[in-house]
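Working notes, structure below.
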Amino acid sequence: MTEIADIKDSEMWIIKTTLKERYGEDLELQLADGEIRLSPSDRELTSCPMVIWEADDCHFVIMKTGDRKYRSQFFYRGYQQYGTGIHEYDDLTECTVGLLQAQADHVAQERGDIETKRR
């Protein structure tokens, strides 16, 4: 089983600083562990450290999936889960900013400020 290192203080600082720039205040961050498949073909789940926070009515998760590897998603309810369109990041700042931008775009789209792509 793959052992993934805990989230470092420097990684927490990156997330906290990025969130403060976005929201203008410090948000409460929670550390947790979750189990995910690192690859779709994996039969076993891997325990990954996570950072979780809430802003407005949205919940955010950044998962550390390896050394300089991160995944992210936001959700409103269990069935309303969204990602950034990028499977995995190798830069935590890009991961955090991408997550916040994807959520802001989602809100703007829901309000009708951004047109939905039609197929």
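Identifiers in the structure tokens: chain A, B, ... in order shown; residue index from 1 per chain; ligand index from 1 in order shown.
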
| message | Quick one: residues within 9 Å of Met12 of chain A, only C-alpha atoms, excluding same-chain residues fewer than 4 positions away - as a PyMOL selection string? | response | chain A and resi 7-8+16-17+29+51

| said: Using DSSP secondary structure from the backbone, list all alpha helix (DSSP H) positions within chain A, as a PyMOL selection string. | reply: chain A and resi 9-23+92-111

| query | Quick one: distance from atom CA of Trp13 of chain A to atom CA of Asp57 of chain A in Å, one decimal? | reply |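 Computed distance, atom CA of Trp13 of chain A to atom CA of Asp57 of chain A, equals 23.5 Å.
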
| said: Measuring between only C-alpha atoms, which one of A:Glu11, A:Asp26, A:Asp6, A:Glu88 shows the shortest distance to Leu38 of chain A? | reply: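 Once distances to Leu38 of chain A are computed over only C-alpha atoms, the minimum belongs to A:Glu88.
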
| message | Restricting the calculation to only C-alpha atoms: of A:Gln81, A:Thr65, A:Thr18, A:Ser10, which residue gets closest to Gly98 of chain A? | response | A:Thr18

| message | Considering only C-alpha atoms, can you say which of A:Asp90, A:Asp42, A:Asp113, A:Asp33 comes closest to Met63 of chain A? | response |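 Among the listed residues, the smallest separation from Met63 of chain A belongs to A:Asp33.
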
| message | If we count only C-alpha atoms and set the cut-off at 12 Å, which residues sit around Leu45 of chain A, ignoring sequence neighbours fewer than 5 positions away in its own chain? Please answer as a count of residues only. | response | 12

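Atom pair atom CA of Gly85 of chain A / atom CA of Thr46 of chain A has a distance of 21.6 Å (rounded to one decimal).
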
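Between atom CA of Ile14 of chain A and atom CA of Leu99 of chain A the interatomic distance comes to 13.5 Å.
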
| field | Given only C-alpha atoms as the counted atoms, nearest of A:Val107, A:Ala102, A:Ala55, A:Leu31 to Leu19 of chain A | value |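 Of A:Val107, A:Ala102, A:Ala55, A:Leu31, the one nearest Leu19 of chain A, counting only C-alpha atoms, is A:Ala55.
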